[in-house]
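The structure file data-v6.cif is reproduced below (mmCIF, C-alpha atoms).
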```
data_input
#
loop_
_atom_site.label_atom_id
_atom_site.label_comp_id
_atom_site.auth_asym_id
_atom_site.auth_seq_id
_atom_site.Cartn_x
_atom_site.Cartn_y
_atom_site.Cartn_z
CA MET A 1 -75.02 -23.42 -37.05
CA GLU A 2 -73.85 -20.30 -38.78
CA LYS A 3 -73.51 -20.40 -42.50
CA GLY A 4 -70.66 -18.68 -44.19
CA LYS A 5 -68.48 -18.48 -41.14
CA ARG A 6 -65.58 -20.85 -41.05
CA THR A 7 -63.76 -21.63 -37.84
CA LYS A 8 -60.25 -20.20 -37.81
CA ARG A 9 -57.55 -22.63 -38.74
CA ARG A 10 -55.02 -22.75 -35.91
CA THR A 11 -51.44 -23.66 -36.59
CA GLY A 12 -48.50 -24.82 -34.57
CA LEU A 13 -48.65 -24.46 -30.81
CA ALA A 14 -52.12 -23.02 -30.77
CA LYS A 15 -53.62 -25.94 -32.65
CA ASP A 16 -54.26 -27.84 -29.48
CA THR A 17 -56.45 -26.22 -26.85
CA SER A 18 -55.93 -28.77 -24.10
CA GLY A 19 -53.20 -26.68 -22.42
CA GLN A 20 -50.49 -29.30 -22.04
CA MET A 21 -46.89 -28.64 -22.88
CA SER A 22 -45.01 -30.90 -25.19
CA ILE A 23 -42.00 -32.75 -23.89
CA ASP A 24 -39.49 -31.05 -26.11
CA PHE A 25 -40.69 -27.64 -25.09
CA LEU A 26 -40.28 -28.63 -21.45
CA ALA A 27 -36.79 -29.98 -22.04
CA GLY A 28 -35.77 -26.85 -23.85
CA VAL A 29 -37.01 -24.50 -21.14
CA ALA A 30 -35.44 -26.61 -18.38
CA ILE A 31 -32.04 -26.58 -20.05
CA PHE A 32 -32.30 -22.87 -20.67
CA THR A 33 -33.19 -22.17 -17.04
CA LEU A 34 -30.34 -24.32 -15.72
CA ALA A 35 -27.82 -22.61 -17.95
CA PHE A 36 -29.20 -19.25 -16.91
CA ILE A 37 -28.83 -19.94 -13.19
CA TYR A 38 -25.31 -21.27 -13.67
CA ILE A 39 -24.21 -18.09 -15.44
CA PHE A 40 -25.86 -16.03 -12.68
CA THR A 41 -23.70 -17.58 -10.03
CA PHE A 42 -20.53 -17.75 -12.12
CA ILE A 43 -20.25 -14.14 -13.28
CA PRO A 44 -19.78 -12.46 -9.85
CA SER A 45 -16.76 -14.61 -9.12
CA MET A 46 -15.20 -13.37 -12.34
CA PHE A 47 -14.94 -9.90 -10.84
CA THR A 48 -13.38 -10.95 -7.54
CA PRO A 49 -11.27 -13.94 -8.44
CA PHE A 50 -8.90 -13.94 -5.46
CA GLN A 51 -10.44 -15.37 -2.32
CA SER A 52 -8.15 -15.38 0.64
CA ASN A 53 -8.57 -17.26 3.86
CA SER A 54 -5.41 -15.99 5.46
CA ASP A 55 -6.84 -13.47 7.91
CA GLU A 56 -5.38 -15.32 10.85
CA MET A 57 -1.94 -15.56 9.26
CA THR A 58 -1.97 -11.87 8.43
CA MET A 59 -2.66 -10.97 12.04
CA VAL A 60 0.09 -13.29 13.23
CA ALA A 61 2.57 -11.78 10.77
CA ASP A 62 1.64 -8.27 11.94
CA ARG A 63 2.21 -9.28 15.53
CA VAL A 64 5.54 -10.96 14.88
CA SER A 65 6.84 -8.00 12.90
CA THR A 66 5.78 -5.60 15.65
CA VAL A 67 7.53 -7.68 18.30
CA LEU A 68 10.68 -7.87 16.22
CA VAL A 69 10.86 -4.19 15.40
CA ASN A 70 9.77 -2.83 18.76
CA ASP A 71 11.36 -5.29 21.13
CA VAL A 72 13.56 -8.16 20.05
CA LEU A 73 15.90 -6.47 17.61
CA LEU A 74 16.48 -3.20 19.42
CA VAL A 75 19.96 -1.88 19.93
CA GLU A 76 21.52 -2.42 23.36
CA SER A 77 22.61 0.52 25.47
CA PRO A 78 24.94 2.44 25.76
CA ASP A 79 24.41 3.25 22.10
CA TYR A 80 22.75 6.59 21.31
CA ASN A 81 19.80 4.85 19.78
CA ALA A 82 19.32 2.16 22.41
CA ASN A 83 15.71 1.05 22.84
CA ARG A 84 14.46 3.29 20.06
CA PRO A 85 11.75 1.55 18.02
CA ASN A 86 12.56 0.78 14.40
CA VAL A 87 16.30 1.23 14.89
CA ILE A 88 17.63 -2.31 14.93
CA ASP A 89 20.79 -4.26 15.45
CA ALA A 90 20.67 -6.62 12.49
CA LYS A 91 23.16 -9.03 14.01
CA LYS A 92 20.51 -10.14 16.50
CA LEU A 93 18.61 -11.84 13.68
CA GLU A 94 21.20 -14.58 13.65
CA SER A 95 20.44 -15.63 17.19
CA ILE A 96 16.68 -16.00 16.89
CA ASP A 97 15.56 -19.64 16.94
CA PHE A 98 12.74 -20.17 14.46
CA THR A 99 12.42 -23.89 14.82
CA THR A 100 11.53 -24.59 18.43
CA GLN A 101 8.53 -23.59 20.51
CA THR A 102 10.66 -21.63 23.01
CA GLY A 103 12.28 -19.68 20.21
CA LEU A 104 8.92 -18.81 18.68
CA LYS A 105 7.58 -17.74 22.07
CA LYS A 106 10.07 -14.91 22.09
CA LEU A 107 8.45 -13.66 18.89
CA GLY A 108 5.04 -13.52 20.48
CA LEU A 109 3.88 -16.83 19.05
CA ASP A 110 2.46 -19.40 21.41
CA GLY A 111 -0.12 -22.11 21.56
CA ASP A 112 -0.52 -25.51 20.08
CA ARG A 113 0.36 -24.66 16.55
CA LEU A 114 3.97 -24.56 15.37
CA TYR A 115 3.95 -21.66 12.95
CA ASN A 116 6.47 -21.38 10.16
CA VAL A 117 8.17 -17.99 10.18
CA HIS A 118 10.41 -16.55 7.52
CA VAL A 119 12.20 -13.22 7.98
CA THR A 120 13.95 -11.30 5.21
CA LEU A 121 16.04 -8.17 5.57
CA VAL A 122 16.95 -5.98 2.60
CA ILE A 123 19.30 -3.05 3.14
CA ASP A 124 19.63 0.02 0.95
CA LYS A 125 23.38 0.57 1.04
CA PRO A 126 25.38 -2.57 1.71
CA THR A 127 29.11 -2.30 1.25
CA ASP A 128 29.02 -5.09 -1.35
CA PRO A 129 26.42 -4.17 -3.99
CA THR A 130 25.84 -7.78 -5.01
CA LYS A 131 24.71 -8.79 -1.52
CA TYR A 132 21.71 -6.93 -0.27
CA ARG A 133 19.42 -9.50 1.30
CA VAL A 134 19.49 -12.12 4.03
CA ASP A 135 16.84 -14.74 4.84
CA PHE A 136 16.16 -16.45 8.15
CA GLY A 137 13.73 -19.10 9.27
CA ALA A 138 11.73 -21.72 7.41
CA LYS A 139 11.95 -21.99 3.65
CA TYR A 140 9.03 -20.72 1.61
CA PRO A 141 6.36 -23.40 1.17
CA GLU A 142 5.56 -25.14 -2.08
CA GLY A 143 2.01 -25.29 -3.34
CA ALA A 144 -1.07 -23.45 -2.21
CA VAL A 145 -0.84 -22.45 1.44
CA ASN A 146 -2.40 -19.55 3.31
CA ILE A 147 0.36 -17.00 3.90
CA GLY A 148 0.39 -13.80 5.92
CA GLN A 149 3.03 -11.17 5.31
CA SER A 150 3.99 -7.94 6.99
CA LYS A 151 6.60 -5.38 5.95
CA ARG A 152 8.29 -2.92 8.29
CA ILE A 153 10.80 -0.19 7.59
CA VAL A 154 13.84 -0.14 9.85
CA VAL A 155 17.12 1.69 10.14
CA VAL A 156 20.10 -0.59 10.71
CA SER A 157 22.44 0.85 13.28
CA GLY A 158 26.18 0.40 13.52
CA ALA A 159 28.52 -1.54 11.28
CA ASP A 160 28.59 -5.31 10.97
CA THR A 161 28.22 -8.35 8.74
CA VAL A 162 25.17 -10.56 9.04
CA TYR A 163 25.20 -14.18 7.88
CA ASP A 164 21.89 -15.85 7.16
CA THR A 165 20.62 -19.40 7.35
CA SER A 166 19.75 -20.04 3.73
CA THR A 167 21.70 -22.31 1.40
CA PRO A 168 23.91 -21.07 -0.16
CA GLN A 169 24.64 -18.75 2.69
CA GLN A 170 24.24 -15.06 1.97
CA SER A 171 25.65 -12.20 3.97
CA ILE A 172 25.38 -8.46 3.99
CA SER A 173 27.85 -5.97 5.36
CA TYR A 174 26.87 -2.47 6.27
CA SER A 175 28.86 0.35 7.74
CA VAL A 176 28.38 3.80 9.15
CA THR A 177 28.73 6.63 6.68
CA PRO A 178 28.33 10.09 8.18
CA GLY A 179 25.34 11.84 6.71
CA GLU A 180 23.75 8.61 5.45
CA SER A 181 21.35 6.14 7.02
CA ASN A 182 21.11 2.44 6.31
CA VAL A 183 17.40 2.07 5.66
CA GLY A 184 16.15 -1.51 5.47
CA ILE A 185 12.93 -3.39 4.82
CA LEU A 186 12.13 -6.26 7.18
CA THR A 187 9.60 -8.71 5.75
CA VAL A 188 7.96 -11.29 7.99
CA THR A 189 6.09 -14.17 6.35
CA VAL A 190 4.05 -16.62 8.41
CA TRP A 191 2.22 -19.76 7.35
CA MET B 192 -46.45 -12.00 -48.08
CA SER B 193 -43.45 -13.14 -46.03
CA GLY B 194 -43.68 -14.80 -42.66
CA PHE B 195 -43.70 -11.74 -40.46
CA ARG B 196 -46.45 -10.04 -42.37
CA ARG B 197 -48.87 -12.96 -42.46
CA ASN B 198 -50.51 -11.83 -39.26
CA ASP B 199 -51.02 -8.15 -38.81
CA LYS B 200 -51.83 -8.13 -35.08
CA GLY B 201 -48.19 -7.87 -33.93
CA GLN B 202 -48.76 -8.43 -30.19
CA MET B 203 -46.84 -11.71 -29.78
CA HIS B 204 -43.63 -10.21 -31.08
CA THR B 205 -43.92 -7.26 -28.78
CA VAL B 206 -44.42 -9.44 -25.74
CA GLU B 207 -41.47 -11.59 -26.68
CA GLY B 208 -39.34 -8.53 -27.17
CA MET B 209 -40.37 -7.10 -23.81
CA MET B 210 -39.65 -10.40 -22.05
CA ALA B 211 -36.20 -10.62 -23.59
CA ALA B 212 -35.38 -7.06 -22.55
CA VAL B 213 -36.66 -7.64 -19.02
CA ILE B 214 -34.58 -10.80 -18.66
CA MET B 215 -31.42 -9.07 -19.85
CA ILE B 216 -31.89 -6.15 -17.46
CA LEU B 217 -32.66 -8.53 -14.60
CA VAL B 218 -29.45 -10.44 -15.21
CA LEU B 219 -27.39 -7.24 -15.26
CA VAL B 220 -28.92 -5.99 -12.02
CA VAL B 221 -28.43 -9.27 -10.18
CA VAL B 222 -24.83 -9.64 -11.35
CA VAL B 223 -23.83 -6.10 -10.45
CA LYS B 224 -25.51 -6.13 -7.05
CA SER B 225 -24.07 -9.47 -6.02
CA THR B 226 -20.39 -8.53 -6.44
CA ALA B 227 -19.90 -7.13 -2.97
CA ILE B 228 -16.65 -5.33 -2.22
CA THR B 229 -16.06 -5.47 1.53
CA PRO B 230 -13.04 -4.29 3.54
CA LEU B 231 -11.73 -7.82 3.51
CA SER B 232 -12.14 -8.65 -0.16
CA SER B 233 -9.02 -8.80 -2.26
CA SER B 234 -8.74 -5.36 -3.79
CA SER B 235 -6.67 -2.26 -3.24
CA THR B 236 -9.15 -1.13 -0.58
CA ASN B 237 -8.48 -4.23 1.51
CA LYS B 238 -8.04 -3.27 5.15
CA HIS B 239 -4.77 -5.06 5.56
CA VAL B 240 -3.25 -3.50 2.46
CA GLN B 241 -4.15 -0.02 3.70
CA LEU B 242 -2.90 -0.82 7.19
CA GLU B 243 0.39 -2.10 5.89
CA LEU B 244 0.91 1.05 3.84
CA MET B 245 0.13 3.18 6.87
CA ASN B 246 2.54 1.15 9.00
CA MET B 247 5.30 1.51 6.45
CA GLY B 248 4.79 5.26 6.26
CA ASN B 249 4.80 5.63 10.03
CA ASP B 250 7.84 3.38 10.29
CA LEU B 251 9.74 5.44 7.78
CA LEU B 252 9.07 8.73 9.55
CA THR B 253 9.79 7.23 12.97
CA SER B 254 12.97 5.41 12.02
CA LEU B 255 14.52 8.36 10.21
CA ASP B 256 14.09 10.46 13.33
CA TYR B 257 16.92 8.79 15.20
CA ASP B 258 19.77 10.41 17.08
CA THR B 259 22.98 11.24 15.33
CA THR B 260 25.98 13.01 16.64
CA LEU B 261 26.85 15.25 13.73
CA GLY B 262 29.00 17.97 15.14
CA GLY B 263 28.13 17.07 18.70
CA MET B 264 24.48 18.04 18.21
CA SER B 265 21.72 15.55 17.68
CA THR B 266 19.88 16.32 14.45
CA SER B 267 18.03 13.39 13.00
CA PRO B 268 18.23 12.65 9.27
CA LEU B 269 14.57 13.54 8.93
CA LYS B 270 15.11 16.97 10.41
CA LYS B 271 18.27 17.50 8.41
CA SER B 272 16.35 16.71 5.22
CA ILE B 273 13.96 19.54 5.98
CA LEU B 274 16.71 21.93 6.97
CA ASP B 275 18.57 21.21 3.73
CA TRP B 276 15.46 21.75 1.63
CA ASP B 277 15.56 24.86 -0.51
CA GLY B 278 11.80 25.27 -0.59
CA SER B 279 11.15 24.34 -4.20
CA GLN B 280 9.03 21.46 -5.41
CA PHE B 281 10.48 18.24 -6.77
CA VAL B 282 9.00 15.42 -8.76
CA LEU B 283 10.28 11.90 -9.39
CA ALA B 284 11.15 12.34 -13.04
CA ASP B 285 11.16 9.18 -15.17
CA GLY B 286 10.77 7.27 -11.94
CA VAL B 287 14.53 7.50 -11.47
CA THR B 288 15.83 10.79 -10.07
CA TYR B 289 14.22 13.80 -8.49
CA GLN B 290 13.93 16.89 -10.62
CA GLY B 291 12.87 20.39 -9.70
CA THR B 292 9.48 21.38 -11.05
CA TYR B 293 10.46 24.96 -11.71
CA ALA B 294 14.12 24.46 -12.48
CA PRO B 295 14.29 21.09 -14.26
CA THR B 296 18.07 20.94 -14.10
CA ASP B 297 17.96 21.14 -10.30
CA VAL B 298 18.44 17.62 -8.94
CA SER B 299 19.65 18.65 -5.50
CA LEU B 300 17.05 16.56 -3.71
CA ASN B 301 18.91 13.41 -4.69
CA GLY B 302 21.29 13.81 -1.77
CA ASN B 303 18.46 14.25 0.68
CA GLN B 304 18.04 11.35 3.13
CA LEU B 305 14.29 11.44 3.31
CA ALA B 306 14.03 11.45 -0.47
CA LYS B 307 16.48 8.60 -0.82
CA ALA B 308 14.74 6.49 1.80
CA LEU B 309 11.37 7.11 0.18
CA TYR B 310 12.71 6.15 -3.20
CA PHE B 311 14.28 2.93 -1.92
CA THR B 312 11.31 1.87 0.13
CA PHE B 313 8.33 2.65 -2.06
CA HIS B 314 9.50 2.96 -5.61
CA GLN B 315 10.03 -0.74 -6.20
CA TYR B 316 6.55 -1.62 -4.95
CA GLY B 317 4.75 0.78 -7.25
CA VAL B 318 3.70 3.08 -4.42
CA ALA B 319 3.71 6.81 -5.17
CA TYR B 320 4.25 9.44 -2.48
CA ASN B 321 3.85 13.15 -1.80
CA VAL B 322 5.69 14.99 0.96
CA GLU B 323 4.30 18.26 2.26
CA ILE B 324 5.69 20.45 5.02
CA PHE B 325 3.32 22.53 7.14
CA TYR B 326 3.83 25.12 9.85
CA MET B 327 1.54 27.28 11.94
CA ASP B 328 1.56 31.04 11.65
CA ASP B 329 0.68 33.70 14.24
CA HIS B 330 -3.04 33.38 13.67
CA GLY B 331 -3.12 29.63 14.10
CA ASN B 332 -3.49 28.82 10.40
CA VAL B 333 -1.65 25.78 9.15
CA ILE B 334 0.23 26.79 6.04
CA PRO B 335 2.25 24.67 3.62
CA ALA B 336 5.84 25.79 3.40
CA SER B 337 7.40 26.63 0.09
CA ASN B 338 9.71 29.05 -1.62
CA ASN B 339 7.90 32.30 -2.32
CA GLN B 340 9.46 32.66 -5.71
CA TYR B 341 7.47 29.79 -7.10
CA VAL B 342 3.71 29.90 -6.77
CA SER B 343 2.18 26.48 -6.99
CA ASP B 344 -1.23 24.90 -6.52
CA HIS B 345 0.19 22.42 -4.07
CA PRO B 346 3.23 23.80 -2.27
CA SER B 347 5.16 20.74 -1.29
CA MET B 348 8.59 19.16 -1.12
CA ILE B 349 7.84 16.19 -3.36
CA TRP B 350 4.75 16.16 -5.51
CA ASN B 351 4.06 13.15 -7.70
CA GLY B 352 0.49 13.98 -8.62
CA ASP B 353 -2.97 13.91 -7.07
CA PRO B 354 -3.40 10.86 -4.86
CA SER B 355 -5.91 8.19 -5.81
CA ASP B 356 -8.93 7.18 -3.72
CA ASN B 357 -7.11 4.54 -1.73
CA ALA B 358 -4.39 6.90 -0.45
CA VAL B 359 -3.03 6.82 3.10
CA THR B 360 -1.66 9.84 4.99
CA VAL B 361 0.80 9.79 7.87
CA SER B 362 2.35 12.76 9.59
CA LYS B 363 4.97 13.64 12.18
CA VAL B 364 5.66 16.81 14.14
CA LEU B 365 9.24 18.00 14.46
CA ALA B 366 10.70 20.77 16.56
CA ILE B 367 13.33 22.94 14.88
CA HIS B 368 15.75 24.77 17.13
CA ASN B 369 17.68 28.00 16.75
CA THR B 370 21.00 26.23 17.14
CA GLU B 371 20.16 23.95 14.23
CA ILE B 372 19.17 26.89 12.08
CA SER B 373 22.41 28.69 12.76
CA THR B 374 24.50 25.57 12.07
CA TYR B 375 22.81 24.01 9.05
CA ALA B 376 20.29 26.31 7.46
CA THR B 377 20.95 29.99 7.90
CA ASN B 378 18.65 30.75 4.95
CA PHE B 379 15.80 28.67 6.30
CA TYR B 380 13.30 31.53 6.46
CA ALA B 381 14.21 32.79 3.00
CA ASN B 382 14.00 29.29 1.53
CA THR B 383 10.85 27.94 3.10
CA GLY B 384 9.01 30.88 4.60
CA ILE B 385 8.85 29.26 8.05
CA PRO B 386 9.30 32.06 10.59
CA ALA B 387 10.70 32.00 14.09
CA VAL B 388 7.82 31.51 16.47
CA ALA B 389 9.22 33.70 19.24
CA PRO B 390 12.28 35.59 18.07
CA THR B 391 12.80 37.55 21.23
CA SER B 392 12.38 34.81 23.80
CA SER B 393 15.33 33.01 25.29
CA SER B 394 14.17 29.49 24.40
CA ASP B 395 15.93 27.56 21.69
CA LEU B 396 12.73 26.69 19.84
CA TYR B 397 12.51 28.07 16.32
CA ASN B 398 9.25 26.56 15.19
CA LEU B 399 7.24 23.34 14.90
CA VAL B 400 6.99 21.67 11.54
CA ILE B 401 4.56 18.95 10.42
CA VAL B 402 5.80 16.50 7.81
CA LYS B 403 2.87 14.97 5.96
CA LEU B 404 3.48 11.92 3.81
CA THR B 405 0.76 10.69 1.43
CA LEU B 406 1.11 7.19 -0.01
CA TRP B 407 -0.95 5.43 -2.60
CA ARG B 408 -0.62 2.33 -4.74
CA MET B 409 -0.67 2.97 -8.44
#
```

Could you express the structure from this file as structure tokens?
Amino acid sequence: MEKGKRTKRRTGLAKDTSGQMSIDFLAGVAIFTLAFIYIFTFIPSMFTPFQSNSDEMTMVADRVSTVLVNDVLLVESPDYNANRPNVIDAKKLESIDFTTQTGLKKLGLDGDRLYNVHVTLVIDKPTDPTKYRVDFGAKYPEGAVNIGQSKRIVVVSGADTVYDTSTPQQSISYSVTPGESNVGILTVTVW
Amino acid sequence: MSGFRRNDKGQMHTVEGMMAAVIMILVLVVVVKSTAITPLSSSSTNKHVQLELMNMGNDLLTSLDYDTTLGGMSTSPLKKSILDWDGSQFVLADGVTYQGTYAPTDVSLNGNQLAKALYFTFHQYGVAYNVEIFYMDDHGNVIPASNNQYVSDHPSMIWNGDPSDNAVTVSKVLAIHNTEISTYATNFYANTGIPAVAPTSSSDLYNLVIVKLTLWRM
């Protein structure tokens, strides 16, 4: 036994040399770790908040808009611009059937699923400035649905009045002005 | 002595400090590396967004190149826009009307069909655009066309600034003919500097012109 040397007084956590953790220390570290991991996985989604599952709908909308602009809506001969892509006869939009399977087949849609298609045409210079847009097809859905959309630029040929299928019914009239083109935007939405 | 100074070894506080710093850096690294931006994630570099912009640009150039019968000769609105161009640069001032860069009172581009179509199509969606006209000279160099009186860093027809990283470029080649020059644009060479490619030959071809349209979302 050594005289004059006192053993060091230990305090707090180091008082006990058996090596066991106390329950409250364990609880504290567990809660801290859980909170830590939760923040880890939550923060990345803050930077990319919009997750979209509509890849299929986007492809379908692209295909429908291509079929419309390159095939279905083309001007008939013997016009100068007959069968020229992107030059359309807007009156043909009235006669497309968006509700039945046979009508949708003409738009390049087929298969078991009955897609909902909505087509909108906006023209730059209508003769009546208050009427510039017509809508065809199914009404826009309520609630959260996967939607695909495709926009194409067209030139509307000739002079006519187009009546749409929305309520109340809208119409646009366009005419030929020498030296001016009637540029339009055709928007196809599919869900 | 206060609490911190009771023990003069100091190692525990250092280790705690190091651990805290390491944990903070680890969290930052994991968070930054796990936000992956892929071509399909919802951002302005999304593949479909870029594709749609490219389609719209191509559509615009294709659709404006349709046949007309002005004066019995078929000159499309796109070609007429270039023939009517006086060679100077324009900018979309205030987002409303076009204004000449060198002569701010010059708003002559407002009657131009290409400019009007671009304004209608892209302005409302917050898409900015530049239009440049190129031609090839005798040595095979592709040169931007512009009026020689005004020296600019980017000779162009419409210049709305440097494009951003997610810009899309579409282009179209047009053939200009001697008959069109003599009917619509007798000062074409003086205005734009585009020369006749074969002045002495008997063909009607004046020159080939490339219209380059750059689009980007702001």

Result set, the PyMOL selection byres ((chain B) within 10 of (chain A)) on current file, as number ranges by chain: B: 218-219, 221-228, 231-234, 239-240, 242-244, 246-261, 265, 267-268, 271, 302-305, 307-309, 311-312

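You can rank B:Thr374, B:Ser299, B:Ser347, B:Thr292 by their closest distance to Val322 in chain B using all atoms listed in the file, and at the top of that list sits B:Ser347.
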
Radius query 7 Å about (3.3, 3.6, -5.5), atoms used: all atoms listed in the file, as a ChimeraX atom specification: /B:313-314,316-320,406-409

Report, as JSON, the axis-aligned box around all atoms of range 83-88 of chain A present in the file, extended by 3 Å on each side; give centre and edge lengths in Å to one decimal place.
```
{"center_x": 14.7, "center_y": 0.5, "center_z": 18.6, "size_x": 11.9, "size_y": 11.6, "size_z": 14.4}
```

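Counting all atoms listed in the file and comparing A:Glu142, A:Gln169, A:Phe25, A:Val190, the residue that lies closest to Leu114 in chain A is A:Val190.
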
Residues near range 360-364 of chain B, cut-off 6 Å, only C-alpha atoms, skip fewer than 3 positions along chain, as an MDAnalysis selection string: chainID B and resid 400:405

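One finds CA of Ala138 in chain A at 13.6 Å from CA of Gln101 in chain A.
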
Result set of the PyMOL selection byres ((chain B and resi 289) around 10) on the coordinates above, as a list in words: Gln280, Phe281, Val282, Leu283, Ala284, Asp285, Gly286, Val287, Thr288, Gln290, Gly291, Thr292, Pro295, Thr296, Asp297, Val298, Ser299, Leu300, Asn301, Gly302, Ala306, Lys307, Tyr310 and Ile349 of chain B

Just C-alpha atoms for this one: save the residues we selected as a compact mmCIF listing (two decimals), keeping the file's coordinate frame.
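The resulting file, again_0.txt, is reproduced below:
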```txt
# COMPACT_ATOMS: atom_id res chain seq x y z
CA GLN B 280 9.03 21.46 -5.41
CA PHE B 281 10.48 18.24 -6.77
CA VAL B 282 9.00 15.42 -8.76
CA LEU B 283 10.28 11.90 -9.39
CA ALA B 284 11.15 12.34 -13.04
CA ASP B 285 11.16 9.18 -15.17
CA GLY B 286 10.77 7.27 -11.94
CA VAL B 287 14.53 7.50 -11.47
CA THR B 288 15.83 10.79 -10.07
CA GLN B 290 13.93 16.89 -10.62
CA GLY B 291 12.87 20.39 -9.70
CA THR B 292 9.48 21.38 -11.05
CA PRO B 295 14.29 21.09 -14.26
CA THR B 296 18.07 20.94 -14.10
CA ASP B 297 17.96 21.14 -10.30
CA VAL B 298 18.44 17.62 -8.94
CA SER B 299 19.65 18.65 -5.50
CA LEU B 300 17.05 16.56 -3.71
CA ASN B 301 18.91 13.41 -4.69
CA GLY B 302 21.29 13.81 -1.77
CA ALA B 306 14.03 11.45 -0.47
CA LYS B 307 16.48 8.60 -0.82
CA TYR B 310 12.71 6.15 -3.20
CA ILE B 349 7.84 16.19 -3.36
```

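Take CA of Met245 in chain B and CA of Ser65 in chain A: the distance between them is 14.4 Å.
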